[in-house]
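Quick look at coords.txt (compact mmCIF, C-alpha atoms (C1' of nucleotides)):
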```txt
# COMPACT_ATOMS: atom_id res chain seq x y z
CA MET A 1 -39.11 5.86 -20.06
CA SER A 2 -38.93 4.72 -23.66
CA GLU A 3 -36.63 7.63 -24.47
CA ALA A 4 -32.98 6.75 -24.13
CA GLY A 5 -32.15 10.23 -22.85
CA ASN A 6 -34.50 9.87 -19.91
CA LYS A 7 -33.44 6.43 -19.02
CA GLN A 8 -32.80 6.16 -15.34
CA LYS A 9 -29.15 5.44 -14.66
CA PRO A 10 -28.68 2.53 -12.29
CA ARG A 11 -27.53 3.36 -8.81
CA VAL A 12 -24.06 2.12 -7.91
CA VAL A 13 -22.32 2.59 -4.59
CA ALA A 14 -18.63 2.75 -3.74
CA ILE A 15 -17.10 2.63 -0.30
CA VAL A 16 -13.52 3.83 -0.33
CA GLY A 17 -10.96 5.23 2.09
CA PRO A 18 -7.50 4.54 3.37
CA THR A 19 -6.48 1.12 4.55
CA ALA A 20 -7.72 -0.14 7.93
CA THR A 21 -10.81 2.05 8.22
CA GLY A 22 -13.34 -0.77 8.18
CA LYS A 23 -14.49 -0.61 4.58
CA THR A 24 -15.18 -4.32 4.37
CA ASP A 25 -17.54 -4.31 7.35
CA ALA A 26 -19.30 -1.24 6.05
CA ALA A 27 -19.82 -2.82 2.66
CA VAL A 28 -21.23 -5.99 4.17
CA ALA A 29 -23.62 -3.93 6.28
CA VAL A 30 -24.76 -1.94 3.26
CA CYS A 31 -25.20 -5.04 1.12
CA THR A 32 -27.13 -6.81 3.83
CA ALA A 33 -29.52 -3.92 4.24
CA LEU A 34 -29.98 -3.07 0.58
CA SER A 35 -29.60 -6.44 -1.11
CA GLY A 36 -26.25 -5.59 -2.56
CA GLU A 37 -23.24 -7.52 -3.78
CA ALA A 38 -19.71 -6.40 -3.05
CA ILE A 39 -17.18 -5.79 -5.80
CA SER A 40 -13.63 -5.48 -4.56
CA MET A 41 -11.63 -2.51 -5.76
CA ASP A 42 -8.27 -3.58 -4.44
CA SER A 43 -5.24 -4.14 -6.61
CA MET A 44 -3.74 -6.81 -4.36
CA GLN A 45 -6.75 -8.74 -3.13
CA ILE A 46 -7.13 -9.63 -6.78
CA TYR A 47 -4.43 -12.23 -6.23
CA ARG A 48 -5.03 -15.73 -4.98
CA ARG A 49 -2.92 -16.90 -2.04
CA LEU A 50 -2.27 -13.38 -0.80
CA SER A 51 -4.65 -13.35 2.10
CA ILE A 52 -3.26 -12.27 5.43
CA GLY A 53 -1.13 -9.42 4.17
CA THR A 54 -3.83 -7.99 1.94
CA ALA A 55 -6.46 -8.23 4.69
CA LYS A 56 -8.63 -10.14 2.30
CA PRO A 57 -12.02 -10.76 3.92
CA SER A 58 -12.62 -14.26 5.22
CA ALA A 59 -15.83 -16.15 4.53
CA ALA A 60 -17.03 -15.18 7.99
CA GLU A 61 -16.27 -11.52 7.40
CA MET A 62 -18.20 -11.59 4.14
CA GLY A 63 -21.28 -12.43 6.12
CA GLY A 64 -22.94 -14.34 3.34
CA ILE A 65 -22.70 -11.44 0.92
CA PRO A 66 -21.38 -12.30 -2.56
CA HIS A 67 -17.99 -10.75 -3.21
CA HIS A 68 -16.60 -10.25 -6.70
CA MET A 69 -13.10 -9.52 -7.93
CA LEU A 70 -11.39 -11.27 -5.04
CA SER A 71 -8.73 -13.94 -5.65
CA ILE A 72 -9.32 -14.03 -9.37
CA VAL A 73 -5.77 -14.38 -10.69
CA GLU A 74 -2.64 -16.30 -9.74
CA PRO A 75 0.05 -14.26 -7.98
CA GLU A 76 2.53 -14.69 -10.81
CA THR A 77 0.18 -12.82 -13.13
CA ALA A 78 0.68 -9.16 -13.96
CA TYR A 79 -2.82 -7.76 -13.69
CA SER A 80 -3.55 -4.19 -14.75
CA VAL A 81 -6.10 -1.40 -14.38
CA ALA A 82 -7.48 -1.93 -17.84
CA GLU A 83 -8.19 -5.55 -17.07
CA TYR A 84 -9.69 -4.54 -13.79
CA GLN A 85 -11.95 -2.11 -15.55
CA ARG A 86 -13.17 -4.75 -17.96
CA ASP A 87 -13.68 -7.46 -15.33
CA ALA A 88 -15.16 -5.23 -12.66
CA LEU A 89 -17.64 -3.58 -15.00
CA ALA A 90 -18.71 -7.04 -16.16
CA ALA A 91 -19.24 -8.02 -12.54
CA MET A 92 -21.23 -4.86 -12.00
CA GLU A 93 -23.48 -5.64 -14.96
CA SER A 94 -24.17 -9.09 -13.61
CA VAL A 95 -25.12 -7.68 -10.23
CA LEU A 96 -27.41 -5.16 -11.89
CA ALA A 97 -28.94 -7.91 -14.01
CA ARG A 98 -29.86 -9.72 -10.82
CA GLY A 99 -31.57 -6.62 -9.61
CA ASN A 100 -29.07 -6.10 -6.84
CA LEU A 101 -27.07 -3.09 -5.76
CA PRO A 102 -23.41 -3.14 -6.83
CA ALA A 103 -21.23 -2.00 -3.94
CA PHE A 104 -17.62 -1.36 -4.87
CA VAL A 105 -15.26 -1.56 -1.89
CA GLY A 106 -11.58 -0.87 -1.76
CA GLY A 107 -8.77 1.57 -1.55
CA THR A 108 -7.20 1.59 -4.99
CA GLY A 109 -7.91 5.09 -6.26
CA LEU A 110 -7.03 4.46 -9.87
CA TYR A 111 -9.39 1.50 -9.98
CA LEU A 112 -12.19 3.69 -8.68
CA GLN A 113 -11.56 6.17 -11.47
CA ALA A 114 -11.34 3.38 -14.03
CA VAL A 115 -14.82 2.10 -13.28
CA SER A 116 -16.62 5.22 -12.16
CA HIS A 117 -15.74 7.73 -14.83
CA PRO A 118 -14.89 5.54 -16.83
CA LEU A 119 -11.40 5.99 -18.17
CA ARG A 120 -10.60 5.20 -21.76
CA PHE A 121 -7.22 3.56 -22.06
CA ALA A 122 -4.80 3.64 -24.96
CA GLU A 123 -4.73 0.77 -27.43
CA ALA A 124 -1.29 -0.39 -26.41
CA GLY A 125 -1.43 -2.80 -23.52
CA GLY A 126 0.78 -4.20 -20.77
CA ALA A 127 4.34 -5.41 -20.80
CA SER A 128 5.84 -5.53 -24.29
CA PRO A 129 9.18 -5.78 -26.06
CA VAL A 130 8.95 -2.04 -26.66
CA ARG A 131 8.67 -1.38 -22.96
CA GLU A 132 11.56 -3.66 -22.22
CA ARG A 133 13.75 -1.87 -24.73
CA LEU A 134 12.81 1.54 -23.29
CA GLN A 135 13.56 0.28 -19.81
CA GLN A 136 17.04 -0.72 -20.85
CA GLU A 137 17.57 2.66 -22.44
CA ALA A 138 16.49 4.36 -19.24
CA GLU A 139 19.15 2.52 -17.30
CA GLN A 140 21.98 3.94 -19.39
CA PRO A 141 23.69 7.00 -17.93
CA GLY A 142 21.57 9.99 -18.87
CA GLY A 143 18.98 7.61 -20.24
CA ALA A 144 16.04 8.96 -18.30
CA GLU A 145 16.74 12.49 -19.53
CA ALA A 146 17.12 11.27 -23.10
CA LEU A 147 13.76 9.51 -22.97
CA HIS A 148 12.08 12.58 -21.57
CA ILE A 149 13.54 14.70 -24.35
CA ARG A 150 12.34 12.21 -26.92
CA LEU A 151 8.87 12.28 -25.41
CA ALA A 152 8.86 16.07 -25.53
CA LYS A 153 9.31 15.87 -29.30
CA VAL A 154 6.47 13.45 -30.00
CA ASP A 155 4.10 14.29 -27.17
CA PRO A 156 4.94 17.66 -25.61
CA GLU A 157 1.78 17.68 -23.54
CA SER A 158 2.64 14.45 -21.73
CA ALA A 159 6.28 15.44 -21.37
CA GLU A 160 5.19 18.63 -19.68
CA ARG A 161 3.05 16.69 -17.25
CA LEU A 162 5.60 14.03 -16.44
CA HIS A 163 8.64 14.70 -14.31
CA VAL A 164 11.95 13.51 -15.80
CA ASN A 165 12.59 11.29 -12.80
CA ASN A 166 9.29 9.51 -13.18
CA THR A 167 10.84 7.10 -15.62
CA ARG A 168 8.08 4.56 -15.36
CA ARG A 169 5.51 7.04 -16.62
CA VAL A 170 7.75 8.51 -19.28
CA ILE A 171 8.31 5.03 -20.62
CA ARG A 172 4.61 4.29 -20.72
CA ALA A 173 3.90 7.49 -22.65
CA LEU A 174 6.66 6.68 -25.12
CA GLU A 175 5.44 3.12 -25.39
CA ILE A 176 1.96 4.29 -26.35
CA PHE A 177 3.34 6.55 -29.02
CA GLU A 178 5.75 4.00 -30.44
CA THR A 179 3.25 1.18 -30.67
CA THR A 180 0.19 3.12 -31.81
CA GLY A 181 1.59 6.24 -33.45
CA THR A 182 -0.74 8.34 -31.32
CA PRO A 183 0.54 10.44 -28.44
CA MET A 184 -0.74 9.43 -25.05
CA SER A 185 -2.29 12.83 -24.51
CA GLU A 186 -4.64 12.13 -27.43
CA ALA A 187 -5.14 8.44 -26.84
CA ILE A 188 -6.74 8.70 -23.44
CA SER A 189 -9.95 10.21 -22.16
CA ASP A 190 -10.50 13.05 -19.74
CA TRP A 191 -10.60 12.41 -16.07
CA GLU A 192 -14.15 13.61 -15.95
CA ALA A 193 -15.82 11.30 -18.48
CA GLU A 194 -19.51 10.82 -17.65
CA PRO A 195 -20.35 7.39 -16.27
CA ASP A 196 -23.44 5.43 -17.29
CA GLN A 197 -24.37 4.80 -13.70
CA ASP A 198 -25.53 6.97 -10.89
CA TRP A 199 -22.54 6.74 -8.56
CA ARG A 200 -22.70 7.39 -4.88
CA ILE A 201 -19.19 7.37 -3.40
CA PHE A 202 -18.46 7.38 0.30
CA ALA A 203 -15.03 7.61 1.87
CA LEU A 204 -14.39 6.37 5.38
CA THR A 205 -11.79 8.28 7.32
CA MET A 206 -10.67 9.13 10.83
CA PRO A 207 -8.19 11.46 12.53
CA ARG A 208 -4.66 10.81 11.34
CA GLU A 209 -3.33 9.74 14.71
CA ALA A 210 -6.09 7.19 15.21
CA LEU A 211 -5.64 5.90 11.67
CA TYR A 212 -1.94 5.34 12.17
CA ALA A 213 -2.52 3.59 15.49
CA ARG A 214 -4.99 1.26 13.81
CA ILE A 215 -2.63 0.52 10.97
CA ASN A 216 0.19 -0.31 13.36
CA ALA A 217 -2.04 -2.59 15.38
CA ARG A 218 -3.32 -4.30 12.28
CA VAL A 219 0.17 -5.09 11.06
CA ASP A 220 0.93 -6.76 14.38
CA ILE A 221 -2.23 -8.82 13.99
CA MET A 222 -1.22 -9.88 10.48
CA VAL A 223 2.13 -11.09 11.76
CA ALA A 224 0.41 -12.94 14.60
CA ARG A 225 -1.91 -14.60 12.11
CA GLY A 226 0.97 -16.01 10.11
CA LEU A 227 1.98 -13.41 7.52
CA ILE A 228 5.54 -14.69 7.57
CA ASP A 229 4.49 -18.26 6.83
CA GLU A 230 2.24 -17.05 4.07
CA VAL A 231 5.12 -15.28 2.37
CA ARG A 232 7.48 -18.17 2.97
CA SER A 233 5.14 -20.64 1.31
CA LEU A 234 4.62 -18.27 -1.60
CA LEU A 235 8.37 -18.23 -2.16
CA GLN A 236 8.67 -21.97 -1.68
CA SER A 237 6.07 -22.55 -4.36
CA GLY A 238 8.44 -20.81 -6.75
CA LEU A 239 6.79 -17.43 -7.01
CA PRO A 240 9.46 -15.06 -8.39
CA ARG A 241 10.49 -12.25 -6.09
CA GLU A 242 10.05 -9.59 -8.76
CA CYS A 243 6.43 -10.40 -9.51
CA GLN A 244 3.84 -7.73 -9.03
CA ALA A 245 2.08 -9.50 -6.19
CA LEU A 246 5.22 -9.59 -4.07
CA GLN A 247 5.61 -5.83 -4.41
CA ALA A 248 2.62 -5.47 -2.10
CA ILE A 249 3.25 -3.86 1.26
CA GLY A 250 3.75 -6.56 3.84
CA TYR A 251 5.11 -9.00 1.28
CA ARG A 252 8.19 -7.29 -0.06
CA GLU A 253 9.41 -6.46 3.44
CA ILE A 254 9.00 -10.05 4.61
CA VAL A 255 10.82 -11.28 1.52
CA GLU A 256 13.72 -9.01 2.51
CA MET A 257 13.71 -10.50 5.96
CA LEU A 258 13.49 -14.07 4.70
CA ASP A 259 16.46 -13.34 2.47
CA GLY A 260 18.36 -12.25 5.55
CA ARG A 261 18.65 -8.59 4.69
CA CYS A 262 16.93 -7.35 7.82
CA THR A 263 15.59 -8.56 11.14
CA GLN A 264 11.98 -9.40 11.75
CA ALA A 265 11.57 -6.35 13.97
CA GLU A 266 12.90 -4.14 11.20
CA ALA A 267 10.64 -5.76 8.63
CA VAL A 268 7.58 -5.26 10.79
CA GLU A 269 8.48 -1.62 11.41
CA ALA A 270 8.94 -1.12 7.68
CA ILE A 271 5.54 -2.64 6.96
CA LYS A 272 3.93 -0.26 9.41
CA MET A 273 5.68 2.74 7.96
CA ASN A 274 4.92 1.81 4.37
CA SER A 275 1.29 1.18 5.27
CA ARG A 276 1.03 4.59 6.89
CA ARG A 277 2.51 6.25 3.84
CA TYR A 278 0.21 4.29 1.63
CA ALA A 279 -2.80 5.44 3.62
CA LYS A 280 -1.60 9.01 3.24
CA ARG A 281 -1.32 8.63 -0.52
CA GLN A 282 -4.77 7.12 -0.64
CA LEU A 283 -6.12 10.15 1.18
CA THR A 284 -4.36 12.46 -1.27
CA TRP A 285 -5.89 10.62 -4.18
CA LEU A 286 -9.40 10.62 -2.76
CA ARG A 287 -9.36 14.25 -1.65
CA ARG A 288 -9.33 15.54 -5.16
CA ASP A 289 -12.49 13.67 -6.10
CA SER A 290 -15.27 16.14 -5.43
CA ARG A 291 -17.99 13.50 -5.76
CA ILE A 292 -16.91 11.82 -2.57
CA GLU A 293 -18.99 12.08 0.58
CA TRP A 294 -16.70 11.82 3.58
CA MET A 295 -17.62 9.88 6.69
CA ASN A 296 -15.40 10.40 9.71
CA LEU A 297 -15.41 7.52 12.19
CA ALA A 298 -14.73 10.07 14.93
CA ASP A 299 -18.23 11.48 14.39
CA PHE A 300 -19.89 8.19 15.29
CA ASP A 301 -20.16 6.31 18.56
CA ASN A 302 -19.33 3.02 16.87
CA PRO A 303 -19.04 1.44 13.43
CA SER A 304 -22.65 0.27 13.50
CA ALA A 305 -23.85 3.83 13.83
CA LEU A 306 -21.81 4.75 10.79
CA HIS A 307 -23.16 1.77 8.87
CA ALA A 308 -26.72 2.81 9.68
CA MET A 309 -26.02 6.30 8.46
CA LEU A 310 -24.49 4.95 5.27
CA VAL A 311 -27.50 2.79 4.57
CA ALA A 312 -29.83 5.69 5.22
CA ARG A 313 -27.94 8.01 2.90
CA ILE A 314 -27.84 5.46 0.11
CA TRP A 315 -31.47 4.53 0.54
CA GLU A 316 -32.87 8.05 0.67
CA GLY A 317 -31.04 9.01 -2.48
CA ARG A 318 -32.04 5.98 -4.43
CA GLY A 319 -33.40 7.42 -7.63
CA GLY A 320 -35.31 4.35 -8.74
CA ASP A 321 -37.31 4.11 -5.56
CA LYS A 322 -38.08 7.77 -5.47
CA ASN A 323 -39.51 7.67 -8.98
CA ALA A 324 -41.31 4.42 -8.41
CA GLY A 325 -43.10 6.10 -5.54
CA ASN A 326 -44.82 8.80 -7.55
C1' G B 1 29.70 12.26 47.65
C1' C B 2 33.59 13.01 43.79
C1' C B 3 35.26 12.65 38.58
C1' U B 4 34.24 12.19 33.32
C1' U B 5 31.19 12.66 29.05
C1' G B 6 26.74 14.22 27.19
C1' G B 7 21.84 17.31 27.09
C1' U B 8 20.70 21.22 19.76
C1' A B 9 14.11 19.55 15.04
C1' G B 10 9.53 13.91 16.60
C1' C B 11 14.43 10.45 16.43
C1' U B 12 19.96 9.93 15.56
C1' C B 13 23.46 13.51 15.42
C1' A B 14 26.58 17.79 13.14
C1' G B 15 28.01 22.93 13.96
C1' A B 16 29.65 28.10 14.97
C1' U B 17 37.78 31.83 17.44
C1' G B 18 30.51 34.67 20.59
C1' G B 19 26.55 37.79 15.58
C1' U B 20 19.84 33.34 17.43
C1' A B 21 21.73 26.80 13.56
C1' G B 22 21.70 22.10 9.52
C1' A B 23 22.02 16.89 7.74
C1' G B 24 19.84 11.94 7.55
C1' C B 25 15.55 9.52 9.00
C1' A B 26 10.52 10.38 10.56
C1' G B 27 6.55 13.68 9.20
C1' U B 28 3.43 16.91 5.92
C1' A B 29 1.48 18.42 1.15
C1' G B 30 0.90 17.25 -3.98
C1' A B 31 0.89 14.49 -8.79
C1' C B 32 -1.18 10.15 -10.86
C1' U B 33 -4.89 6.82 -17.57
C1' G B 34 -2.47 -0.81 -18.97
C1' A B 35 3.16 -2.06 -12.47
C1' A B 36 -1.13 2.13 -8.76
C1' A B 37 -0.09 -1.52 -1.94
C1' A B 38 3.42 0.99 -7.90
C1' U B 39 6.03 5.41 -9.48
C1' C B 40 7.32 10.46 -8.83
C1' U B 41 7.63 15.83 -6.89
C1' A B 42 7.97 19.67 -3.10
C1' C B 43 8.58 21.29 2.04
C1' G B 44 13.57 22.18 7.61
C1' U B 45 12.16 28.22 13.51
C1' G B 46 13.86 24.70 16.94
C1' U B 47 12.74 28.66 24.66
C1' C B 48 20.35 24.96 20.95
C1' G B 49 18.44 21.49 29.39
C1' G B 50 17.48 25.68 33.36
C1' U B 51 19.27 29.98 35.65
C1' G B 52 22.73 33.90 36.89
C1' G B 53 27.26 36.43 35.01
C1' U B 54 30.83 38.56 31.32
C1' U B 55 29.59 41.11 26.60
C1' C B 56 26.87 45.95 22.25
C1' G B 57 25.28 40.80 21.59
C1' A B 58 25.54 34.08 24.55
C1' U B 59 22.90 28.32 22.10
C1' U B 60 28.55 29.11 21.92
C1' C B 61 32.76 31.69 27.29
C1' C B 62 32.34 31.44 33.02
C1' G B 63 29.47 30.03 37.74
C1' C B 64 25.59 27.36 39.90
C1' C B 65 21.44 23.97 39.34
C1' C B 66 18.64 19.87 36.91
C1' C B 67 18.67 15.32 33.91
C1' A B 68 21.15 10.93 31.50
C1' A B 69 25.19 7.46 30.83
C1' G B 70 29.84 5.71 32.56
C1' G B 71 33.78 5.61 36.24
C1' C B 72 35.78 6.20 41.41
C1' A B 73 34.59 5.83 46.38
```
Could you write out this file's structure as structure tokens?
Amino acid sequence: MSEAGNKQKPRVVAIVGPTATGKTDAAVAVCTALSGEAISMDSMQIYRRLSIGTAKPSAAEMGGIPHHMLSIVEPETAYSVAEYQRDALAAMESVLARGNLPAFVGGTGLYLQAVSHPLRFAEAGGASPVRERLQQEAEQPGGAEALHIRLAKVDPESAERLHVNNTRRVIRALEIFETTGTPMSEAISDWEAEPDQDWRIFALTMPREALYARINARVDIMVARGLIDEVRSLLQSGLPRECQALQAIGYREIVEMLDGRCTQAEAVEAIKMNSRRYAKRQLTWLRRDSRIEWMNLADFDNPSALHAMLVARIWEGRGGDKNAGN
RNA sequence: GCCUUGGUAGCUCAGAUGGUAGAGCAGUAGACUGAAAAUCUACGUGUCGGUGGUUCGAUUCCGCCCCAAGGCA
């Protein structure tokens, strides 16, 4: 106990999965049963004033459970993974300090990695003049290829990894090298860095067809609840169309519609389609994480049964309690 | 009832003087380290409506039938 090497790592839970699988409810159930606090792991619920389209939990849905990392920045802000990592880990520490169970909930795969491994990022941060210059270069004819070739010279490993057409990534790698002098491949950590916590990660899922049906239905509900007005008032308040927050699914399509480039029916269909594709990408991301314990809604009579199982699994594996018992 | 035009991939359609067919979209799989709800990559076999006939060979030509849309009665 006094030896650092034997120190018990604190138990931390994460509930992940594609959009519309009921993660929020599951997290509230877990927190209620195990005196936990929820920490959102969602790149868009971070923003204030984006509520309906991000399916941000309402006060009622939170069921009295404290939620962190929700509505913490203004929508005009460009928030990034590195900031998320810093802020979310701080939130986690505060939950731990209170003796409660941190329960991360959300569907942003990169954010999960950032806090649970944890990733070490390069020194060079967000948007910069260097990035802007590289972006302009990329737009020249043959620019993307030229940048990729340049990257291959200074950081062959990253160039190998990155497809020429993935300009955004090529630029980032170049940006890291140009501003720090270190190639990206050396500046960042491995995927598999050991975390300081004892993570228990559960992914909620369901058969593809059922998932898609739920997503479609949820989009209709969002529209019925006033998604269009939400977007309209965001624009009216002067929020620029190019900002990160308005790139969110459900927002960019409505902006298109409000600008008269498509009908409402088309916008709604596009939101459904983009949400389905997003869910598919989320699944792809999660599948490669071997730590994840999958929970298929189809195997349970109802969500409550799944919640009970979740609680039981987390409880039984709780290292601290097990040791306290002997 | 008659005439016309269609019936080819989940959808919209293309195509071959007869040698079993291909685009877009959808879909699927994958990648992912400071935009990640972002960005990027790969993947096209389907009784060519049914059934008879001609033919070495029919989805393609011919007959009949079914279905859809339009027109005439």
Two-atom distance - CA of Ala127 in chain A, CA of Arg277 in chain A (Å)
27.3 Å
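Across the model, the gap from CA of Trp191 in chain A to CA of Val81 in chain A is 14.6 Å.
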Nearest candidate to Asn274 in chain A (options B:A37, B:U12, B:C3, B:G71; using all atoms listed in the file):
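Among B:A37, B:U12, B:C3, B:G71, it is B:A37 that comes nearest to Asn274 in chain A.
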Check every residue of chain B for an atom within 8 Å of chain A, counting only C-alpha atoms (C1' of nucleotides), and provide those that qualify as a tab-separated table (two decimals) with C-alpha atoms (C1' of nucleotides), keeping the file's coordinate frame.
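File part.tsv, as written:
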```tsv
chain	number	residue	atom	x	y	z
B	30	G	C1'	0.90	17.25	-3.98
B	33	U	C1'	-4.89	6.82	-17.57
B	34	G	C1'	-2.47	-0.81	-18.97
B	35	A	C1'	3.16	-2.06	-12.47
B	36	A	C1'	-1.13	2.13	-8.76
B	37	A	C1'	-0.09	-1.52	-1.94
B	38	A	C1'	3.42	0.99	-7.90
B	39	U	C1'	6.03	5.41	-9.48
B	40	C	C1'	7.32	10.46	-8.83
B	41	U	C1'	7.63	15.83	-6.89
```
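Taking only C-alpha atoms into account, Leu286 in chain A lies nearest to A:Leu112 out of the set A:Ala267, A:Val154, A:Ala103, A:Leu112.
Ranking A:Val170, A:Leu227, A:Val95, A:Leu310 by their shortest atom-to-atom distance to Gly53 in chain A, with only C-alpha atoms included, puts A:Leu227 first.
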With the input short on atoms, add N, CA and C atoms back to range 72-87 of chain A and write it as a compact mmCIF listing (two decimals), keeping the file's coordinate frame.
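Saved as selection34.txt:
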```txt
# COMPACT_ATOMS: atom_id res chain seq x y z
N ILE A 72 -8.96 -13.58 -8.02
CA ILE A 72 -9.32 -14.03 -9.37
C ILE A 72 -8.14 -14.37 -10.26
N VAL A 73 -6.92 -13.98 -9.87
CA VAL A 73 -5.77 -14.38 -10.69
C VAL A 73 -4.65 -14.95 -9.82
N GLU A 74 -3.78 -15.74 -10.46
CA GLU A 74 -2.64 -16.30 -9.74
C GLU A 74 -1.63 -15.20 -9.46
N PRO A 75 -0.89 -15.33 -8.37
CA PRO A 75 0.05 -14.26 -7.98
C PRO A 75 1.18 -14.02 -8.97
N GLU A 76 1.45 -14.98 -9.85
CA GLU A 76 2.53 -14.69 -10.81
C GLU A 76 2.06 -13.81 -11.96
N THR A 77 0.75 -13.61 -12.04
CA THR A 77 0.18 -12.82 -13.13
C THR A 77 0.38 -11.32 -12.92
N ALA A 78 0.64 -10.63 -14.03
CA ALA A 78 0.68 -9.16 -13.96
C ALA A 78 -0.70 -8.66 -14.38
N TYR A 79 -1.46 -8.22 -13.42
CA TYR A 79 -2.82 -7.76 -13.69
C TYR A 79 -2.76 -6.24 -13.78
N SER A 80 -3.63 -5.64 -14.59
CA SER A 80 -3.55 -4.19 -14.75
C SER A 80 -4.91 -3.51 -14.62
N VAL A 81 -4.87 -2.19 -14.50
CA VAL A 81 -6.10 -1.40 -14.38
C VAL A 81 -7.08 -1.67 -15.49
N ALA A 82 -6.57 -1.76 -16.71
CA ALA A 82 -7.48 -1.93 -17.84
C ALA A 82 -8.23 -3.25 -17.72
N GLU A 83 -7.52 -4.27 -17.27
CA GLU A 83 -8.19 -5.55 -17.07
C GLU A 83 -9.18 -5.45 -15.92
N TYR A 84 -8.78 -4.73 -14.92
CA TYR A 84 -9.69 -4.54 -13.79
C TYR A 84 -10.96 -3.87 -14.27
N GLN A 85 -10.78 -2.84 -15.06
CA GLN A 85 -11.95 -2.11 -15.55
C GLN A 85 -12.91 -3.04 -16.29
N ARG A 86 -12.36 -3.83 -17.18
CA ARG A 86 -13.17 -4.75 -17.96
C ARG A 86 -13.88 -5.76 -17.05
N ASP A 87 -13.12 -6.41 -16.18
CA ASP A 87 -13.68 -7.46 -15.33
C ASP A 87 -14.66 -6.92 -14.29
```
